[in-house]
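Here is the file data.pdb (PDB, C-alpha atoms).
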ATOM      1  CA  MET H   1      37.149 -52.741   1.594
ATOM      2  CA  ARG H   2      37.515 -49.720  -0.564
ATOM      3  CA  GLN H   3      33.828 -48.795  -0.440
ATOM      4  CA  ALA H   4      33.796 -48.318   3.317
ATOM      5  CA  PRO H   5      36.141 -45.269   3.207
ATOM      6  CA  ARG H   6      34.048 -43.735   0.420
ATOM      7  CA  MET H   7      30.891 -44.018   2.486
ATOM      8  CA  ASN H   8      32.653 -42.417   5.433
ATOM      9  CA  ILE H   9      33.864 -39.526   3.289
ATOM     10  CA  GLY H  10      30.412 -39.153   1.698
ATOM     11  CA  ALA H  11      28.672 -39.308   5.075
ATOM     12  CA  ALA H  12      31.094 -36.761   6.548
ATOM     13  CA  THR H  13      30.555 -34.417   3.586
ATOM     14  CA  LEU H  14      26.764 -34.737   3.912
ATOM     15  CA  LEU H  15      26.915 -34.119   7.666
ATOM     16  CA  LEU H  16      29.120 -31.056   7.124
ATOM     17  CA  ALA H  17      26.678 -29.667   4.534
ATOM     18  CA  ILE H  18      23.708 -30.146   6.864
ATOM     19  CA  VAL H  19      25.475 -28.486   9.798
ATOM     20  CA  ALA H  20      26.625 -25.555   7.638
ATOM     21  CA  GLY H  21      23.115 -25.095   6.217
ATOM     22  CA  CYS H  22      21.496 -25.054   9.650
ATOM     23  CA  ALA H  23      23.972 -22.647  11.200
ATOM     24  CA  HIS H  24      23.001 -18.990  11.162
ATOM     25  CA  ASN H  25      23.952 -15.853  12.952
ATOM     26  CA  LYS H  26      20.733 -13.902  13.581
ATOM     27  CA  LYS H  27      21.093 -13.038  17.247
ATOM     28  CA  ASN H  28      21.341  -9.277  16.626
ATOM     29  CA  GLU H  29      18.554  -9.070  14.050
ATOM     30  CA  GLU H  30      16.111  -6.230  14.678
ATOM     31  CA  PRO H  31      12.370  -6.926  14.491
ATOM     32  CA  TYR H  32      10.528  -6.026  11.285
ATOM     33  CA  VAL H  33       8.966  -2.572  11.365
ATOM     34  CA  PRO H  34       6.340  -2.045   8.661
ATOM     35  CA  PRO H  35       6.533   1.151   6.596
ATOM     36  CA  PRO H  36       4.187   3.936   7.678
ATOM     37  CA  PRO H  37       0.745   4.058   6.031
ATOM     38  CA  ILE H  38      -0.259   6.655   3.491
ATOM     39  CA  THR H  39      -2.888   9.240   4.377
ATOM     40  CA  VAL H  40      -5.697  10.088   1.979
ATOM     41  CA  LEU H  41      -6.973  13.592   2.686
ATOM     42  CA  VAL H  42     -10.238  14.431   0.908
ATOM     43  CA  ARG H  43     -11.381  18.064   0.661
ATOM     44  CA  ASN H  44     -14.928  18.048  -0.681
ATOM     45  CA  GLU H  45     -15.721  21.581  -1.886
ATOM     46  CA  ASN H  46     -18.779  20.306  -3.745
ATOM     47  CA  TYR H  47     -22.283  20.505  -2.243
ATOM     48  CA  LEU H  48     -22.888  16.790  -2.874
ATOM     49  CA  ASP H  49     -21.833  14.125  -0.393
ATOM     50  CA  MET H  50     -19.193  11.807  -1.887
ATOM     51  CA  ASP H  51     -18.387   8.149  -1.419
ATOM     52  CA  VAL H  52     -14.605   7.866  -1.764
ATOM     53  CA  ARG H  53     -12.947   4.688  -3.032
ATOM     54  CA  LEU H  54      -9.372   3.681  -3.672
ATOM     55  CA  SER H  55      -8.538   1.335  -6.527
ATOM     56  CA  THR H  56      -5.253  -0.529  -6.966
ATOM     57  CA  ASN H  57      -4.320  -3.750  -8.785
ATOM     58  CA  GLY H  58      -7.867  -3.949 -10.134
ATOM     59  CA  TYR H  59      -9.408  -4.053  -6.653
ATOM     60  CA  SER H  60     -11.544  -1.242  -5.303
ATOM     61  CA  ARG H  61     -12.056  -0.550  -1.607
ATOM     62  CA  ARG H  62     -14.337   2.000  -0.055
ATOM     63  CA  LEU H  63     -12.593   4.489   2.217
ATOM     64  CA  GLY H  64     -15.709   6.295   3.443
ATOM     65  CA  THR H  65     -18.098   9.168   2.887
ATOM     66  CA  VAL H  66     -17.184  12.847   2.916
ATOM     67  CA  VAL H  67     -20.190  15.132   3.211
ATOM     68  CA  GLY H  68     -20.472  18.257   1.069
ATOM     69  CA  ASN H  69     -18.237  21.229   1.954
ATOM     70  CA  SER H  70     -16.143  19.313   4.484
ATOM     71  CA  SER H  71     -12.996  17.188   4.755
ATOM     72  CA  GLY H  72     -12.193  13.593   5.539
ATOM     73  CA  LYS H  73      -8.965  11.832   6.451
ATOM     74  CA  PHE H  74      -8.305   8.146   5.822
ATOM     75  CA  SER H  75      -5.302   5.930   6.540
ATOM     76  CA  VAL H  76      -4.310   3.149   4.110
ATOM     77  CA  ALA H  77      -1.712   0.492   4.923
ATOM     78  CA  TRP H  78       1.384   0.693   2.732
ATOM     79  CA  SER H  79       1.053  -2.987   1.834
ATOM     80  CA  VAL H  80      -2.237  -2.198   0.045
ATOM     81  CA  VAL H  81      -0.720   0.392  -2.304
ATOM     82  CA  ALA H  82       2.912  -0.713  -2.579
ATOM     83  CA  THR H  83       2.703  -2.703  -5.794
ATOM     84  CA  SER H  84       0.883  -0.434  -8.250
ATOM     85  CA  PRO H  85      -0.402   3.115  -8.733
ATOM     86  CA  VAL H  86      -3.412   4.270  -6.710
ATOM     87  CA  GLU H  87      -6.551   5.527  -8.426
ATOM     88  CA  LEU H  88      -8.985   7.646  -6.380
ATOM     89  CA  ILE H  89     -12.702   7.633  -7.178
ATOM     90  CA  GLY H  90     -15.328  10.062  -5.905
ATOM     91  CA  ASP H  91     -18.912   8.917  -6.380
ATOM     92  CA  PRO H  92     -21.611  11.540  -5.710
ATOM     93  CA  ILE H  93     -24.395  10.299  -3.461
ATOM     94  CA  GLY H  94     -27.767  11.034  -4.993
ATOM     95  CA  GLY H  95     -26.769  10.970  -8.624
ATOM     96  CA  GLY H  96     -24.205  12.192 -11.027
ATOM     97  CA  ARG H  97     -21.238  10.559 -12.663
ATOM     98  CA  ALA H  98     -18.368   9.168 -10.622
ATOM     99  CA  LEU H  99     -15.088  11.074 -10.727
ATOM    100  CA  ALA H 100     -11.972   8.938 -11.266
ATOM    101  CA  PHE H 101      -8.348  10.049 -11.365
ATOM    102  CA  PRO H 102      -5.482   8.184 -12.995
ATOM    103  CA  GLY H 103      -3.033   6.475 -10.730
ATOM    104  CA  VAL H 104      -0.552   8.222  -8.457
ATOM    105  CA  SER H 105       2.354   6.465  -6.734
ATOM    106  CA  PRO H 106       2.883   7.664  -3.163
ATOM    107  CA  SER H 107       5.826   6.627  -0.986
ATOM    108  CA  PRO H 108       5.401   5.328   2.576
ATOM    109  CA  GLY H 109       4.125   8.020   4.927
ATOM    110  CA  GLN H 110       3.137  10.476   2.192
ATOM    111  CA  VAL H 111      -0.215  12.249   1.896
ATOM    112  CA  VAL H 112      -2.489  11.881  -1.123
ATOM    113  CA  GLU H 113      -4.755  14.926  -1.268
ATOM    114  CA  PHE H 114      -7.990  14.539  -3.236
ATOM    115  CA  ARG H 115      -9.650  17.904  -3.768
ATOM    116  CA  ILE H 116     -13.214  17.709  -5.107
ATOM    117  CA  MET H 117     -14.280  21.021  -6.640
ATOM    118  CA  PRO H 118     -17.813  22.392  -7.262
ATOM    119  CA  LEU H 119     -17.245  21.663 -10.960
ATOM    120  CA  LEU H 120     -16.079  18.036 -10.825
ATOM    121  CA  ASN H 121     -13.883  18.340 -13.917
ATOM    122  CA  GLN H 122     -11.721  20.883 -12.019
ATOM    123  CA  SER H 123     -10.915  18.447  -9.189
ATOM    124  CA  THR H 124      -7.290  17.503  -8.450
ATOM    125  CA  VAL H 125      -5.148  14.832  -6.818
ATOM    126  CA  THR H 126      -1.708  15.672  -5.422
ATOM    127  CA  VAL H 127       0.919  13.726  -3.488
ATOM    128  CA  HIS H 128       3.143  15.421  -0.902
ATOM    129  CA  ASP H 129       5.015  14.827   2.325
ATOM    130  CA  PRO H 130       3.113  15.442   5.578
ATOM    131  CA  TYR H 131       3.195  19.012   6.854
TER     132      TYR H 131
END
For this file, write the structure as C-alpha cells.
Amino acid sequence: MRQAPRMNIGAATLLLAIVAGCAHNKKNEEPYVPPPPITVLVRNENYLDMDVRLSTNGYSRRLGTVVGNSSGKFSVAWSVVATSPVELIGDPIGGGRALAFPGVSPSPGQVVEFRIMPLLNQSTVTVHDPY
C-alpha cells in the first residue's frame, strides 16, 4: 500500500516538470533581424585589371574584377566575416604577383576600403564607417 502514494507523488512531480519545461512566454518576441553586411570598396589606381578575393577562416571567395583606374563596390554578408579577420587579395590579370593584406576586423555595416596603388607595395586597406 505504501508504494502507491510514492508513484502518485513521483508521477505528479514528473508531470509538473514536463508542464514547466514546455511553458514559455514568447508572444512579444521580435523577429530576428540580421546585422547589416559589410561593404568592400576597391579603388584600383593601377593600370592592370585586378581580380579581388576575400579570405576568412582559410576560405577564399572571389568578389569580382575591378578594371584598371576604376572602382568597384561589393557587399559581403556579415555572417561570412563575423568569426575571424578578413584578408583582401588583389590578383593582377595578365601577370604579376598577387597582393595580399593581413586581416582586418570590420563591424557590421562598416566599409573596408582596398586602395590598389600604381606601385603595389604602396597599396592600403582601411576600415571606416559609411559616409
Might you spell out which residues the PyMOL selection byres ((chain H and resi 82-99) around 6) would select in the displayed file, as a ChimeraX atom specification?
/H:49-56,78-81,100-105
Convert the current residue selection to file output with C-alpha atoms, as an mmCIF file, in the frame of the given file.
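Below you can see selection.cif, which holds the result:
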data_model
loop_
_atom_site.group_PDB
_atom_site.id
_atom_site.type_symbol
_atom_site.label_atom_id
_atom_site.label_comp_id
_atom_site.auth_asym_id
_atom_site.auth_seq_id
_atom_site.Cartn_x
_atom_site.Cartn_y
_atom_site.Cartn_z
ATOM 1 C CA ASP H 49 -21.833 14.125 -0.393
ATOM 2 C CA MET H 50 -19.193 11.807 -1.887
ATOM 3 C CA ASP H 51 -18.387 8.149 -1.419
ATOM 4 C CA VAL H 52 -14.605 7.866 -1.764
ATOM 5 C CA ARG H 53 -12.947 4.688 -3.032
ATOM 6 C CA LEU H 54 -9.372 3.681 -3.672
ATOM 7 C CA SER H 55 -8.538 1.335 -6.527
ATOM 8 C CA THR H 56 -5.253 -0.529 -6.966
ATOM 9 C CA TRP H 78 1.384 0.693 2.732
ATOM 10 C CA SER H 79 1.053 -2.987 1.834
ATOM 11 C CA VAL H 80 -2.237 -2.198 0.045
ATOM 12 C CA VAL H 81 -0.720 0.392 -2.304
ATOM 13 C CA ALA H 100 -11.972 8.938 -11.266
ATOM 14 C CA PHE H 101 -8.348 10.049 -11.365
ATOM 15 C CA PRO H 102 -5.482 8.184 -12.995
ATOM 16 C CA GLY H 103 -3.033 6.475 -10.730
ATOM 17 C CA VAL H 104 -0.552 8.222 -8.457
ATOM 18 C CA SER H 105 2.354 6.465 -6.734
#
For stretch 32-37 of chain H, list every protein, DNA or RNA residue within 8 Å, evaluated using all atoms listed in the file, and leave out those in the same chain fewer than 3 positions away; present the list as a PDB file with C-alpha atoms, in the frame of the given file.
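Output contents, as saved in result_7.pdb:
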ATOM      1  CA  SER H  75      -5.302   5.930   6.540  1.00  0.00           C
ATOM      2  CA  VAL H  76      -4.310   3.149   4.110  1.00  0.00           C
ATOM      3  CA  ALA H  77      -1.712   0.492   4.923  1.00  0.00           C
ATOM      4  CA  TRP H  78       1.384   0.693   2.732  1.00  0.00           C
ATOM      5  CA  PRO H 108       5.401   5.328   2.576  1.00  0.00           C
ATOM      6  CA  GLY H 109       4.125   8.020   4.927  1.00  0.00           C
ATOM      7  CA  GLN H 110       3.137  10.476   2.192  1.00  0.00           C
TER       8      GLN H 110
END
Applying the PyMOL selection byres ((chain H and resi 123-128) around 6) to the file I just gave you, which residues come out? Please list them as a PyMOL selection string.
chain H and resi 110-117+120-122+129
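Matched in the shown structure by the PyMOL selection byres ((chain H and resi 73) around 7): Thr39, Val40, Leu41, Val42, Ser71, Gly72, Phe74 and Ser75 of chain H.
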Using Å and a single decimal, report how far atom CA of H:Thr65 sits from atom CA of H:Asn46.
13.0 Å
Kindly reconstruct stretch 97-123 of chain H with N, CA and C atoms and present the result as a compact mmCIF listing (two decimals), in the frame of the given file.
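The result, stored in selection-v1.txt:
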# COMPACT_ATOMS: atom_id res chain seq x y z
N ARG H 97 -22.26 11.49 -12.20
CA ARG H 97 -21.24 10.56 -12.66
C ARG H 97 -20.08 10.50 -11.68
N ALA H 98 -19.52 9.33 -11.51
CA ALA H 98 -18.37 9.17 -10.62
C ALA H 98 -17.15 9.87 -11.22
N LEU H 99 -16.30 10.36 -10.35
CA LEU H 99 -15.09 11.07 -10.73
C LEU H 99 -13.90 10.16 -10.43
N ALA H 100 -13.12 9.82 -11.45
CA ALA H 100 -11.97 8.94 -11.27
C ALA H 100 -10.71 9.62 -11.75
N PHE H 101 -9.64 9.47 -10.99
CA PHE H 101 -8.35 10.05 -11.36
C PHE H 101 -7.36 8.95 -11.68
N PRO H 102 -6.50 9.19 -12.68
CA PRO H 102 -5.48 8.18 -13.00
C PRO H 102 -4.55 7.98 -11.81
N GLY H 103 -3.84 6.89 -11.86
CA GLY H 103 -3.03 6.48 -10.73
C GLY H 103 -1.91 7.43 -10.33
N VAL H 104 -1.70 7.53 -9.03
CA VAL H 104 -0.55 8.22 -8.46
C VAL H 104 0.22 7.19 -7.65
N SER H 105 1.51 7.43 -7.44
CA SER H 105 2.35 6.46 -6.73
C SER H 105 2.99 7.11 -5.51
N PRO H 106 2.30 7.07 -4.37
CA PRO H 106 2.88 7.66 -3.16
C PRO H 106 3.94 6.76 -2.54
N SER H 107 4.83 7.36 -1.77
CA SER H 107 5.83 6.63 -0.99
C SER H 107 5.29 6.43 0.43
N PRO H 108 5.89 5.54 1.21
CA PRO H 108 5.40 5.33 2.58
C PRO H 108 5.37 6.64 3.37
N GLY H 109 4.26 6.86 4.07
CA GLY H 109 4.12 8.02 4.93
C GLY H 109 3.65 9.28 4.22
N GLN H 110 3.56 9.27 2.90
CA GLN H 110 3.14 10.48 2.19
C GLN H 110 1.63 10.67 2.27
N VAL H 111 1.20 11.88 1.88
CA VAL H 111 -0.22 12.25 1.90
C VAL H 111 -0.70 12.37 0.45
N VAL H 112 -1.82 11.72 0.17
CA VAL H 112 -2.49 11.88 -1.12
C VAL H 112 -3.69 12.79 -0.86
N GLU H 113 -3.68 13.96 -1.48
CA GLU H 113 -4.76 14.93 -1.27
C GLU H 113 -5.69 14.92 -2.47
N PHE H 114 -6.95 14.63 -2.22
CA PHE H 114 -7.99 14.54 -3.24
C PHE H 114 -8.92 15.72 -3.01
N ARG H 115 -8.86 16.68 -3.91
CA ARG H 115 -9.65 17.90 -3.77
C ARG H 115 -10.79 17.87 -4.77
N ILE H 116 -12.02 17.79 -4.27
CA ILE H 116 -13.21 17.71 -5.11
C ILE H 116 -13.82 19.11 -5.20
N MET H 117 -13.83 19.65 -6.40
CA MET H 117 -14.28 21.02 -6.64
C MET H 117 -15.78 21.07 -6.97
N PRO H 118 -16.40 22.27 -6.89
CA PRO H 118 -17.81 22.39 -7.26
C PRO H 118 -18.08 21.92 -8.69
N LEU H 119 -17.18 22.24 -9.61
CA LEU H 119 -17.24 21.66 -10.96
C LEU H 119 -16.31 20.46 -10.96
N LEU H 120 -16.87 19.26 -11.02
CA LEU H 120 -16.08 18.04 -10.82
C LEU H 120 -14.89 17.92 -11.76
N ASN H 121 -15.00 18.46 -12.98
CA ASN H 121 -13.88 18.34 -13.92
C ASN H 121 -12.69 19.23 -13.54
N GLN H 122 -12.83 20.05 -12.50
CA GLN H 122 -11.72 20.88 -12.02
C GLN H 122 -11.06 20.28 -10.77
N SER H 123 -11.46 19.11 -10.38
CA SER H 123 -10.92 18.45 -9.19
C SER H 123 -9.47 18.01 -9.42
